[in-house]
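A.B. asks: Take a look at this one; I'll ask things after.
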Amino acid sequence: MAQTEQLILSLKKSLKAHGLTYADVAKQLSLSEASIKRLFSEQNLTLERLDQICQMMELQISDLVQIMSKDNRFQIDSLSREQEQELASNPELVLVTVCVLNGWSMQQLIDSFHLTETQCIRHLARLDRLKLIELLPKNRIKLRVTANFKWLENGPIQQFFQEKIQADYFRSRFEKDNERLIVANAMLSDATNTVFQRKMEQLVRELDELNHNDAHLPLDERLGTTVVLAIRNWDYGIFDSLQKNQLESLSKKSSS
């Protein structure tokens, strides 16, 4: 993760610890609350604004950097392929892992799924051993992952979701109010493709921000939500023959 993202995360934690909200920050910077949310989501704080926010907590920017270093000292941003394989080999453990990474408690797991307390403790102990969490007294859970924690590209967990869940995910007709499917096509240069991929990454950061904002709501007011973002050089297989003829035609025109 870029240090900017780590710094913003530590800033948000510090604001929360001081009982300060986005509304308080908006007042300090003479901006709207919506503007503040956007600045945090886009990670677009200038040093001047960052300093102003730190002043609200009687901190220097250097103090915030120290807090960031302390926050990340025992956190991880990925697992090894072997560790991911250990998770992927047990669908029940994958379920617990995904829920825990989204802030679920052990009691919420027991209330929502056919899992006993013993089963939950066993799975949480494995996650503790993998250093994804720290299992605290009374079975409280403390995450030990950085804000940019991600699964390995084309690793065991990504393959697990592609193989086990992909068909089920797209079985929906995406007609409900909280569902939407958008398929768009374009002809992009490599440079423009790179720009679009950066925008995709920005959208994921905004999703993380929204998820963080809703974390205080009761579980029954939140729905498990999965967003699939993908981009690739791909032609519809049913048009292969037409595409070949089209390329030949274009080639003849360019040579004439």
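Labels for the structure tokens follow display order: chains A, B, ..., residues from 1 in each chain, ligands from 1.
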Sorted by chain and rising residue number, which residues of range 29-53 of chain A lie within 10 Å of range 7-24 of chain A, and what are their closest atom pairs and distances in Å to one decimal, counting only C-alpha atoms, as a tab-separated table?

C.D. replies:
```
residue	atom	partner	partner_atom	distance
A:Leu29	CA	A:Asp24	CA	8.8
A:Ser30	CA	A:Asp24	CA	9.8
A:Leu31	CA	A:Ala23	CA	9.2
A:Ser32	CA	A:Ala23	CA	7.8
A:Glu33	CA	A:Ala23	CA	5.4
A:Ala34	CA	A:Tyr22	CA	8.6
A:Ser35	CA	A:Tyr22	CA	9.5
A:Ile36	CA	A:Tyr22	CA	6.5
A:Lys37	CA	A:Tyr22	CA	6.9
A:Phe40	CA	A:Ile8	CA	7.0
A:Ser41	CA	A:Ile8	CA	9.1
A:Gln43	CA	A:Ile8	CA	6.9
A:Asn44	CA	A:Ile8	CA	9.5
A:Leu45	CA	A:Ile8	CA	8.7
A:Leu50	CA	A:Leu11	CA	8.9
A:Ile53	CA	A:Leu11	CA	8.6
```

A.B. asks: Any chance you could export the current selection's C-alpha atoms as a PDB file, in the first residue's frame?

C.D. replies:
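Saved as out.pdb:
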```
ATOM      1  CA  LEU A  29     -11.443  23.384   6.993  1.00  0.00           C
ATOM      2  CA  SER A  30     -14.478  25.514   6.054  1.00  0.00           C
ATOM      3  CA  LEU A  31     -15.693  22.858   3.619  1.00  0.00           C
ATOM      4  CA  SER A  32     -18.853  20.789   3.297  1.00  0.00           C
ATOM      5  CA  GLU A  33     -19.003  17.361   4.923  1.00  0.00           C
ATOM      6  CA  ALA A  34     -19.439  15.815   1.464  1.00  0.00           C
ATOM      7  CA  SER A  35     -16.212  17.483   0.341  1.00  0.00           C
ATOM      8  CA  ILE A  36     -14.354  16.085   3.341  1.00  0.00           C
ATOM      9  CA  LYS A  37     -15.616  12.566   2.638  1.00  0.00           C
ATOM     10  CA  PHE A  40     -10.556  11.210   2.427  1.00  0.00           C
ATOM     11  CA  SER A  41     -11.878   8.748  -0.134  1.00  0.00           C
ATOM     12  CA  GLN A  43      -6.737  10.487  -0.465  1.00  0.00           C
ATOM     13  CA  ASN A  44      -6.310  14.008  -1.741  1.00  0.00           C
ATOM     14  CA  LEU A  45      -5.314  15.933   1.381  1.00  0.00           C
ATOM     15  CA  LEU A  50      -3.450  17.582   6.903  1.00  0.00           C
ATOM     16  CA  ILE A  53      -6.695  18.385  10.889  1.00  0.00           C
TER      17      ILE A  53
END
```

A.B. asks: Might you pull out every residue within 9 Å of range 153-168 of chain A, with only C-alpha atoms counted and same-chain residues fewer than 4 positions away left off, and present them as JSON, numbers by chain?

C.D. replies: {"A": [81, 82, 84, 85, 86, 87, 88, 89, 91, 94, 172]}

A.B. asks: Counting only C-alpha atoms, figure out which residue out of A:Asp190, A:Glu179, A:Asp128, A:Glu92 gets nearest to Leu143 in chain A.

C.D. replies: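 That would be A:Asp128, the residue with the smallest distance to Leu143 in chain A.
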
A.B. asks: Quick one: pick out all helix (DSSP H, G or I) residues within range 61-196 of chain A from a backbone DSSP run and write them as JSON, numbers by chain.

C.D. replies: {"A": [61, 62, 63, 64, 65, 66, 67, 68, 69, 70, 71, 72, 81, 82, 83, 84, 85, 86, 87, 88, 91, 92, 93, 94, 95, 96, 97, 98, 99, 100, 101, 106, 107, 108, 109, 110, 111, 112, 117, 118, 119, 120, 121, 122, 123, 124, 125, 126, 127, 128, 129, 137, 138, 139, 156, 157, 158, 159, 160, 161, 162, 163, 164, 166, 167, 168, 169, 190, 191, 192, 193, 194, 195, 196]}

A.B. asks: Hey, which of A:Thr146, A:Thr118, A:Gln55, A:Asn178 ends up closest to Glu5 in chain A? Count only C-alpha atoms.

C.D. replies: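 Of A:Thr146, A:Thr118, A:Gln55, A:Asn178, the one nearest Glu5 in chain A is A:Thr146, counting only C-alpha atoms.
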